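Text of structure.cif, listed as mmCIF, C-alpha atoms:
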data_entry
#
loop_
_atom_site.label_atom_id
_atom_site.label_comp_id
_atom_site.auth_asym_id
_atom_site.auth_seq_id
_atom_site.Cartn_x
_atom_site.Cartn_y
_atom_site.Cartn_z
CA MET F 775 98.48 94.61 113.81
CA THR F 776 99.29 92.34 110.87
CA ALA F 777 101.09 89.00 110.82
CA LEU F 778 104.88 88.98 111.11
CA ALA F 779 106.39 88.50 107.64
CA GLY F 780 107.82 85.03 107.07
CA THR F 781 107.03 83.83 110.63
CA PRO F 782 105.33 80.44 111.23
CA ILE F 783 101.84 80.95 112.62
CA SER F 784 102.75 78.98 115.76
CA ARG F 785 105.28 81.73 116.55
CA ASP F 786 103.00 84.66 115.69
CA PRO F 787 100.57 85.06 118.62
CA LEU F 788 98.24 87.60 116.99
CA ALA F 789 97.93 85.62 113.75
CA LEU F 790 97.33 82.44 115.76
CA ALA F 791 94.60 84.11 117.83
CA GLU F 792 92.95 85.47 114.68
CA LEU F 793 92.93 81.98 113.12
CA TYR F 794 91.45 80.50 116.29
CA HIS F 795 88.61 83.04 116.47
CA SER F 796 87.85 82.69 112.75
CA GLY F 797 87.16 78.97 113.15
CA LEU F 798 85.55 79.03 116.60
CA GLY F 799 82.03 77.64 116.45
CA THR F 800 82.45 76.21 112.95
CA SER F 801 85.70 74.28 112.59
CA TRP F 802 86.18 73.74 116.34
CA GLN F 803 84.24 74.33 119.54
CA THR F 804 87.02 74.34 122.14
CA ARG F 805 90.71 75.20 122.40
CA ARG F 806 91.57 71.52 122.64
CA GLU F 807 89.86 70.84 119.31
CA ALA F 808 91.64 73.81 117.78
CA VAL F 809 95.04 72.55 118.96
CA ALA F 810 94.26 69.17 117.37
CA ALA F 811 93.31 70.90 114.11
CA PHE F 812 96.58 72.85 114.18
CA ALA F 813 98.65 69.65 114.39
CA ARG F 814 99.76 70.06 110.76
CA PHE F 815 101.64 73.27 111.56
CA THR F 816 105.40 73.30 112.06
CA PRO F 817 106.59 74.15 114.70
CA LYS F 818 103.81 72.54 116.73
CA VAL F 819 101.06 74.69 118.24
CA THR F 820 100.76 73.85 121.95
CA ASP F 821 97.80 74.50 124.22
CA GLY F 822 99.89 76.97 126.21
CA ALA F 823 100.92 78.90 123.08
CA LEU F 824 97.29 79.17 121.96
CA SER F 825 96.15 80.34 125.41
CA ARG F 826 98.85 83.04 125.48
CA ALA F 827 97.96 84.13 121.95
CA ILE F 828 94.28 84.56 122.87
CA SER F 829 95.15 86.47 126.05
CA VAL F 830 97.51 88.85 124.25
CA SER F 831 95.00 89.51 121.46
CA LYS F 832 92.52 90.77 124.11
CA MET F 833 94.94 93.35 125.54
CA PRO F 834 94.10 97.07 125.25
CA PRO F 835 94.77 98.65 121.83
CA GLN F 836 97.17 101.13 123.47
CA VAL F 837 99.42 98.25 124.51
CA LEU F 838 99.28 96.38 121.19
CA ALA F 839 99.99 99.59 119.27
CA LEU F 840 103.43 99.81 120.93
CA PHE F 841 104.50 96.71 118.99
CA GLU F 842 103.38 97.74 115.49
CA THR F 843 106.99 97.83 114.29
CA ALA F 844 108.87 95.70 116.84
CA GLY F 845 106.31 92.88 116.53
CA ILE F 846 104.74 90.58 119.12
CA TRP F 847 106.60 87.26 119.12
CA HIS F 848 105.85 84.17 121.21
CA GLU F 849 108.41 85.27 123.80
CA THR F 850 106.91 88.78 123.81
CA ALA F 851 103.54 87.25 124.67
CA ARG F 852 105.00 85.52 127.74
CA HIS F 853 106.36 88.80 129.10
CA LEU F 854 103.17 90.77 128.40
CA ILE F 855 101.03 88.26 130.28
CA ARG F 856 103.51 88.32 133.18
CA LEU F 857 103.35 92.13 133.35
CA VAL F 858 99.55 92.20 133.37
CA ARG F 859 99.52 89.74 136.27
CA LYS F 860 102.20 91.74 138.09
CA HIS F 861 100.87 95.30 137.67
CA GLY F 862 97.28 94.90 136.47
CA PRO F 863 95.79 95.96 133.11
CA ASP F 864 95.04 99.56 134.17
CA VAL F 865 98.66 100.33 135.12
CA ILE F 866 100.01 98.71 131.95
CA CYS F 867 97.55 100.68 129.81
CA GLN F 868 98.50 103.97 131.50
CA ARG F 869 102.23 103.32 130.99
CA ALA F 870 101.62 102.37 127.35
CA MET F 871 100.17 105.81 126.64
CA GLU F 872 103.37 107.46 127.96
CA ILE F 873 105.81 105.42 125.81
CA ASP F 874 107.22 106.42 122.43
CA PRO F 875 108.05 103.08 120.73
CA LEU F 876 109.96 104.55 117.76
CA GLY F 877 113.31 102.78 117.36
CA LEU F 878 112.74 100.45 120.32
CA ARG F 879 113.05 96.68 120.30
CA TRP F 880 110.24 94.66 121.85
CA SER F 881 112.40 93.82 124.88
CA GLU F 882 112.98 97.54 125.55
CA ILE F 883 109.25 98.23 125.34
CA ILE F 884 108.66 95.44 127.87
CA GLN F 885 111.16 97.06 130.24
CA LEU F 886 109.36 100.40 130.02
CA LEU F 887 105.99 98.74 130.64
CA ASP F 888 107.54 97.07 133.68
CA GLY F 889 108.50 100.51 135.01
CA THR F 890 112.22 99.76 135.19
CA ASP F 891 112.98 102.85 133.10
CA ALA F 892 109.87 105.01 132.87
CA LYS F 893 111.84 107.88 131.31
CA PRO F 894 114.15 106.27 128.75
CA PRO F 895 117.41 108.16 128.09
CA GLN F 896 118.10 109.76 124.75
CA ARG F 897 118.89 106.85 122.49
CA ILE F 898 120.69 106.12 119.27
CA PHE F 899 118.26 104.85 116.67
CA ARG F 900 119.09 101.35 115.51
CA PRO F 901 118.29 100.04 112.04
CA ILE F 902 115.03 98.12 112.08
CA ALA F 903 115.47 94.38 111.46
CA PRO F 904 114.67 93.56 107.81
CA LEU F 905 111.65 91.33 108.46
CA ALA F 906 110.14 93.85 110.90
CA LEU F 907 110.75 96.68 108.45
CA ALA F 908 109.15 94.74 105.59
CA ALA F 909 106.12 93.92 107.76
CA GLU F 910 105.65 97.59 108.67
CA TYR F 911 106.01 98.65 105.03
CA LYS F 912 103.41 96.13 103.85
CA ARG F 913 101.06 97.16 106.65
CA GLY F 914 101.36 100.77 105.50
CA ILE F 915 100.49 99.69 101.96
CA ASP F 916 97.39 97.86 103.21
CA GLU F 917 96.29 100.86 105.28
CA GLY F 918 96.86 103.33 102.46
CA ARG F 919 99.55 105.34 104.27
CA TRP F 920 101.78 105.04 101.22
CA THR F 921 101.66 103.44 97.78
CA SER F 922 105.32 102.72 97.02
CA MET F 923 108.77 102.59 98.57
CA ILE F 924 109.39 106.19 97.49
CA THR F 925 106.32 107.52 99.30
CA ALA F 926 107.01 105.28 102.32
CA VAL F 927 110.53 106.68 102.72
CA ALA F 928 109.21 110.22 102.27
CA ALA F 929 106.64 109.64 105.03
CA THR F 930 109.15 107.98 107.40
CA PRO F 931 112.39 110.01 107.77
CA THR F 932 114.18 107.24 109.70
CA TRP F 933 113.84 104.82 106.76
CA GLU F 934 116.36 104.51 103.96
CA ARG F 935 115.21 103.39 100.53
CA THR F 936 118.04 100.92 99.85
CA ALA F 937 117.54 99.20 103.21
CA LEU F 938 113.77 99.07 102.62
CA ALA F 939 114.23 97.45 99.19
CA LYS F 940 116.57 94.85 100.70
CA ALA F 941 114.14 94.18 103.55
CA VAL F 942 111.22 93.59 101.19
CA SER F 943 113.33 91.27 99.04
CA ILE F 944 114.36 89.27 102.12
CA SER F 945 110.75 89.00 103.32
CA GLU F 946 109.76 87.52 99.94
CA LEU F 947 112.04 84.51 100.38
CA PRO F 948 110.15 81.19 100.59
CA PRO F 949 108.47 80.75 104.01
CA GLU F 950 110.31 77.45 104.47
CA VAL F 951 113.64 79.30 104.21
CA LEU F 952 112.67 81.99 106.73
CA GLN F 953 111.46 79.27 109.09
CA LEU F 954 114.99 77.83 109.15
CA PHE F 955 116.18 81.03 110.83
CA GLU F 956 113.23 81.45 113.18
CA LEU F 957 115.42 81.34 116.31
CA LYS F 958 118.28 83.27 114.73
CA ARG F 959 118.69 86.94 113.87
CA VAL F 960 118.10 87.52 110.16
CA THR F 961 120.45 90.40 109.33
CA TYR F 962 120.69 92.32 106.08
CA ASP F 963 123.96 90.51 105.24
CA LEU F 964 122.48 87.08 105.87
CA GLY F 965 119.34 88.03 103.94
CA ALA F 966 121.41 89.23 100.98
CA THR F 967 123.23 85.89 100.90
CA LEU F 968 119.93 83.99 100.95
CA VAL F 969 118.54 86.15 98.14
CA LYS F 970 121.62 85.38 96.03
CA ILE F 971 121.20 81.66 96.65
CA ARG F 972 117.53 81.91 95.59
CA ASN F 973 118.54 83.73 92.41
CA ALA F 974 121.13 81.04 91.69
CA ILE F 975 119.07 77.88 92.20
CA GLY F 976 115.51 79.20 91.82
CA GLU F 977 112.75 79.72 94.39
CA ARG F 978 111.11 76.29 94.00
CA GLU F 979 114.38 74.41 94.42
CA MET F 980 115.38 76.54 97.40
CA ALA F 981 112.01 75.93 99.09
CA ALA F 982 112.34 72.17 98.50
CA ARG F 983 115.82 72.09 100.03
CA ALA F 984 114.63 74.11 103.02
CA GLN F 985 111.71 71.72 103.55
CA ASN F 986 114.14 68.79 103.54
CA ILE F 987 116.15 70.50 106.28
CA LEU F 988 112.99 71.18 108.31
CA SER F 989 111.97 67.54 108.02
CA ALA F 990 115.16 66.54 109.91
CA PRO F 991 115.15 69.05 112.79
CA ARG F 992 118.31 69.49 114.85
CA ARG F 993 120.45 72.33 116.12
CA ARG F 994 122.38 73.92 113.23
CA THR F 995 124.60 76.97 112.91
CA THR F 996 123.87 79.60 110.28
CA ASN F 997 126.78 78.36 108.17
CA GLU F 998 125.50 74.79 108.40
CA ILE F 999 122.06 75.87 107.20
CA LEU F 1000 123.60 77.74 104.27
CA ALA F 1001 125.77 74.73 103.42
CA ASN F 1002 122.67 72.51 103.42
CA LEU F 1003 120.83 74.92 101.13
CA LEU F 1004 123.80 74.69 98.78
CA GLN F 1005 123.78 70.89 99.23
CA VAL F 1006 127.30 70.68 100.62
CA ARG F 1007 127.43 67.68 102.93
CA PRO F 1008 129.85 67.47 105.88
CA GLU F 1009 130.46 63.78 105.24
CA GLN F 1010 132.12 64.72 101.94
CA GLY F 1011 135.17 65.74 103.96
CA VAL F 1012 134.89 69.41 102.98
CA GLU F 1013 134.04 72.08 105.53
CA LEU F 1014 132.28 74.98 103.77
CA ALA F 1015 131.46 78.47 105.00
CA VAL F 1016 129.60 81.15 103.05
CA ARG F 1017 129.87 84.84 103.86
CA ARG F 1018 129.19 88.18 102.23
CA GLU F 1019 132.03 90.56 101.48
CA GLN F 1020 130.96 93.95 100.11
CA THR F 1021 129.26 93.06 96.80
CA SER F 1022 130.37 89.41 96.58
CA MET F 1023 129.56 86.03 98.08
CA VAL F 1024 132.72 84.32 99.37
CA PHE F 1025 132.93 80.52 99.59
CA GLU F 1026 135.56 79.20 101.99
CA PHE F 1027 136.28 75.50 102.31
CA ARG F 1028 138.82 73.46 104.21
CA VAL F 1029 140.08 69.99 103.37
CA PRO F 1030 142.17 67.78 105.72
CA LEU F 1031 145.78 67.62 104.52
CA GLU F 1032 145.75 63.83 104.37
CA GLU F 1033 142.83 63.97 101.91
CA ALA F 1034 144.09 66.82 99.73
CA GLU F 1035 145.91 64.54 97.29
CA GLU F 1036 142.65 62.67 96.61
CA LEU F 1037 140.89 65.89 95.58
CA MET F 1038 143.33 67.70 93.32
CA ASN F 1039 146.71 67.51 91.69
CA SER F 1040 147.29 71.23 91.11
CA THR F 1041 145.75 74.64 91.70
CA SER F 1042 144.87 74.90 88.00
CA GLU F 1043 142.86 71.68 88.22
CA ILE F 1044 140.81 72.80 91.23
CA ALA F 1045 140.36 76.24 89.63
CA ALA F 1046 138.81 74.60 86.56
CA LEU F 1047 136.41 72.60 88.73
CA VAL F 1048 135.35 75.69 90.67
CA GLN F 1049 134.86 77.57 87.40
CA VAL F 1050 132.58 74.85 86.05
CA ALA F 1051 130.60 74.71 89.31
CA LEU F 1052 130.03 78.46 89.35
CA MET F 1053 128.90 78.47 85.74
CA ASN F 1054 126.54 75.60 86.48
CA ILE F 1055 124.69 77.52 89.24
CA ARG F 1056 124.78 80.99 87.69
CA PHE F 1057 121.24 82.25 87.16
CA LYS F 1058 120.79 84.73 84.29
CA ARG F 1059 117.84 85.81 82.18
CA ASN F 1060 119.44 88.40 79.93
CA VAL F 1061 123.02 87.97 78.85
CA ASP F 1062 124.85 90.70 76.98
CA PRO F 1063 126.76 88.94 74.15
CA GLY F 1064 129.38 91.68 74.23
CA LEU F 1065 130.12 91.03 77.89
CA VAL F 1066 130.28 87.28 77.32
CA LYS F 1067 132.73 87.72 74.49
CA ALA F 1068 134.89 89.98 76.60
CA ARG F 1069 134.91 87.47 79.47
CA TRP F 1070 135.68 84.36 77.45
CA GLY F 1071 137.63 85.77 74.50
CA SER F 1072 138.06 83.56 71.45
CA ASN F 1073 136.43 80.23 70.58
CA LYS F 1074 139.72 78.58 71.38
CA GLU F 1075 139.21 79.55 75.03
CA LYS F 1076 135.50 78.74 75.01
CA ARG F 1077 135.83 75.23 73.61
CA PRO F 1078 137.42 73.53 76.69
CA VAL F 1079 135.01 75.40 78.96
CA ALA F 1080 132.06 74.08 76.94
CA LYS F 1081 133.36 70.52 77.27
CA ARG F 1082 133.73 70.87 81.04
CA MET F 1083 130.22 72.31 81.33
CA ALA F 1084 128.81 69.42 79.31
CA ALA F 1085 130.63 66.93 81.52
CA ALA F 1086 129.10 68.66 84.57
CA GLY F 1087 125.60 68.10 83.16
CA SER F 1088 124.79 71.49 81.60
CA SER F 1089 122.46 71.46 78.59
CA LEU F 1090 123.37 72.76 75.13
CA ARG F 1091 121.12 75.75 75.69
CA GLN F 1092 122.75 76.64 79.01
CA ILE F 1093 126.24 76.36 77.54
CA ALA F 1094 125.32 78.37 74.45
CA THR F 1095 123.76 81.14 76.55
CA GLU F 1096 126.72 81.31 78.92
CA LEU F 1097 129.40 81.38 76.24
CA GLY F 1098 127.50 83.33 73.55
CA VAL F 1099 127.96 80.57 70.97
CA ALA F 1100 125.38 78.86 68.73
CA LYS F 1101 124.03 75.52 69.97
CA THR F 1102 125.14 73.81 66.76
CA THR F 1103 128.72 74.93 67.42
CA ILE F 1104 128.56 73.65 70.99
CA ALA F 1105 127.20 70.31 69.75
CA LYS F 1106 130.07 70.02 67.26
CA TRP F 1107 132.67 70.74 69.94
CA ILE F 1108 131.20 68.11 72.23
CA SER F 1109 130.83 65.48 69.48
CA ASP F 1110 134.44 66.04 68.38
CA GLU F 1111 135.49 65.11 71.92
CA ALA F 1112 133.50 61.90 71.69
#

Render the structure in this file as structure tokens.
Amino acid sequence: MTALAGTPISRDPLALAELYHSGLGTSWQTRREAVAAFARFTPKVTDGALSRAISVSKMPPQVLALFETAGIWHETARHLIRLVRKHGPDVICQRAMEIDPLGLRWSEIIQLLDGTDAKPPQRIFRPIAPLALAAEYKRGIDEGRWTSMITAVAATPTWERTALAKAVSISELPPEVLQLFELKRVTYDLGATLVKIRNAIGEREMAARAQNILSAPRRRTTNEILANLLQVRPEQGVELAVRREQTSMVFEFRVPLEEAEELMNSTSEIAALVQVALMNIRFKRNVDPGLVKARWGSNKEKRPVAKRMAAAGSSLRQIATELGVAKTTIAKWISDEA
């Protein structure tokens, strides 16, 4: 089995065990020394987690093979060790050879190994979680079972190409970002929102913001994590939520009525501010001048927008690219205001 995509090594038992064995006898001599060497990892690697990881890595191949797609997580390791103590390795190995893991979550595989449902009923196949799907796809690439998404989908009838492409894109988010959602379910909708944020602010900036959040650990909701990635602070008096609606990202914010007068005088004023903010975070490499012209119309309409963008801190190049106007023209518009 390969490492779980985007998962911290302290939460990936097989990867942790592999790291331990690779340094045993050279970088460390005992488990205690290894735990001390792993102190730089976040979340922290405990002695118990390392012991479980080593025990799970020594389990029969028939048992480990059941989790190729579902993955072996730190909680999975706890249950596997409990089952071996309860039933013995021979019984667990025999049951493993009778189980078809296709479409099963790791918790369902554990139940079958425990003998609570030796003959599982006919089941409805559930979509594989994006990070698990991406990990299985990359493992197939490494093993030579397929060479592209097209051949992978052809070889696996239960996969769908669009979902696979989304899963791979989600798995390529910065590790710091994926670590923020380690204890939460990363869905395709949540992943799509995170990918859009990365495209808007850039991968390096997104990773830096995620690292800042990790450096101040506390319990956060998914919406709070997204708000922090977008640098919206609760103390500003604005409650922000971000959600995905079909092909768009929707920003919802609430402001206390007693503070509304301090923020805006009219809907047209707040609309202008939102327009400038959206233009300031839009991430584009290739802009079609025809589309820009159609969106903004004449220079008369572009001129006030350019001034607002300049006031918001956008550079001449950014403004010129967004509006499809020469930088010299933008400079003249701004200097006329001065």

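With distances restricted to all atoms listed in the file, F:Leu957 is the closest residue to Thr995 (chain F) from F:Val969, F:Thr804, F:Gln868, F:Leu957.
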
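Proximity to region 907-915 of chain F at 6 Å, evaluated using all atoms listed in the file and with sequence-adjacent residues fewer than 5 positions away removed, yields Ala779, Thr843, Ile902, Trp920, Thr921, Ala941 and Val942 of chain F.
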
For the residues in that selection, give me C-alpha atoms as a PDB file, in the coordinates of the input.
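See result-v5.pdb below for the written result:
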ATOM      1  CA  ALA F 779     106.390  88.500 107.640  1.00  0.00           C
ATOM      2  CA  THR F 843     106.990  97.830 114.290  1.00  0.00           C
ATOM      3  CA  ILE F 902     115.030  98.120 112.080  1.00  0.00           C
ATOM      4  CA  TRP F 920     101.780 105.040 101.220  1.00  0.00           C
ATOM      5  CA  THR F 921     101.660 103.440  97.780  1.00  0.00           C
ATOM      6  CA  ALA F 941     114.140  94.180 103.550  1.00  0.00           C
ATOM      7  CA  VAL F 942     111.220  93.590 101.190  1.00  0.00           C
TER       8      VAL F 942
END

Using all atoms listed in the file for the distances, tell me which of F:Ala823, F:Ala974, F:Leu788, F:Ala939 is nearest to Arg805 (chain F).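 Smallest separation from Arg805 (chain F) among the options: F:Ala823.
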
Ground truth for the PyMOL selection byres ((chain F and resi 964) around 12), written as a VMD selection string: chain F and resid 903 to 905 940 to 941 944 951 to 952 955 958 to 963 965 to 971 996 to 997 999 to 1000 1016 to 1019 1023

Could you tell me which residues the PyMOL selection byres ((chain F and resi 989) around 12) grabs in this file, written as an mmCIF file with C-alpha atoms, in the coordinates of the input?
data_model
loop_
_atom_site.group_PDB
_atom_site.id
_atom_site.type_symbol
_atom_site.label_atom_id
_atom_site.label_comp_id
_atom_site.auth_asym_id
_atom_site.auth_seq_id
_atom_site.Cartn_x
_atom_site.Cartn_y
_atom_site.Cartn_z
ATOM 1 C CA THR F 816 105.400 73.300 112.060
ATOM 2 C CA PRO F 817 106.590 74.150 114.700
ATOM 3 C CA GLU F 950 110.310 77.450 104.470
ATOM 4 C CA GLN F 953 111.460 79.270 109.090
ATOM 5 C CA LEU F 954 114.990 77.830 109.150
ATOM 6 C CA ALA F 982 112.340 72.170 98.500
ATOM 7 C CA ARG F 983 115.820 72.090 100.030
ATOM 8 C CA ALA F 984 114.630 74.110 103.020
ATOM 9 C CA GLN F 985 111.710 71.720 103.550
ATOM 10 C CA ASN F 986 114.140 68.790 103.540
ATOM 11 C CA ILE F 987 116.150 70.500 106.280
ATOM 12 C CA LEU F 988 112.990 71.180 108.310
ATOM 13 C CA ALA F 990 115.160 66.540 109.910
ATOM 14 C CA PRO F 991 115.150 69.050 112.790
ATOM 15 C CA ARG F 992 118.310 69.490 114.850
#

Between CA of His848 (chain F) and CA of Asp786 (chain F) - distance in Å to one decimal: 6.2 Å

Point-to-point distance in Å for CA of Thr850 (chain F) and CA of Glu807 (chain F): 25.2 Å

Atom-to-atom span, CA of Thr800 (chain F) and CA of Thr820 (chain F), Å: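 Here the two named atoms are 20.5 Å from each other.
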
Expanded to explicit residues, what is the PyMOL selection byres ((chain F and resi 880) around 10) for this file, as a PDB file with C-alpha atoms, in the frame of the given file?
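Okay, this is what ended up in selection_1.pdb:
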ATOM      1  CA  LEU F 840     103.430  99.810 120.930  1.00  0.00           C
ATOM      2  CA  PHE F 841     104.500  96.710 118.990  1.00  0.00           C
ATOM      3  CA  GLU F 842     103.380  97.740 115.490  1.00  0.00           C
ATOM      4  CA  THR F 843     106.990  97.830 114.290  1.00  0.00           C
ATOM      5  CA  ALA F 844     108.870  95.700 116.840  1.00  0.00           C
ATOM      6  CA  GLY F 845     106.310  92.880 116.530  1.00  0.00           C
ATOM      7  CA  ILE F 846     104.740  90.580 119.120  1.00  0.00           C
ATOM      8  CA  TRP F 847     106.600  87.260 119.120  1.00  0.00           C
ATOM      9  CA  GLU F 849     108.410  85.270 123.800  1.00  0.00           C
ATOM     10  CA  THR F 850     106.910  88.780 123.810  1.00  0.00           C
ATOM     11  CA  PRO F 875     108.050 103.080 120.730  1.00  0.00           C
ATOM     12  CA  GLY F 877     113.310 102.780 117.360  1.00  0.00           C
ATOM     13  CA  LEU F 878     112.740 100.450 120.320  1.00  0.00           C
ATOM     14  CA  ARG F 879     113.050  96.680 120.300  1.00  0.00           C
ATOM     15  CA  SER F 881     112.400  93.820 124.880  1.00  0.00           C
ATOM     16  CA  GLU F 882     112.980  97.540 125.550  1.00  0.00           C
ATOM     17  CA  ILE F 883     109.250  98.230 125.340  1.00  0.00           C
ATOM     18  CA  ILE F 884     108.660  95.440 127.870  1.00  0.00           C
ATOM     19  CA  GLN F 885     111.160  97.060 130.240  1.00  0.00           C
TER      20      GLN F 885
END

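Of the listed residues F:Pro787, F:Ser825, F:Arg994, F:Arg814, the one whose atoms come nearest to Leu838 (chain F) is F:Pro787, with distances taken using all atoms listed in the file.
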
Which of these, F:Met923, F:Ala808, F:Val1079, F:Met833, has the shortest distance to Ser796 (chain F) once you count all atoms listed in the file? F:Ala808

Check the smallest atom-to-atom distance from each of F:Ile828, F:Ile866, F:Leu947, F:Val837 to Arg972 (chain F) using only C-alpha atoms, then report the winner.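 Among F:Ile828, F:Ile866, F:Leu947, F:Val837, it is F:Leu947 that comes nearest to Arg972 (chain F).
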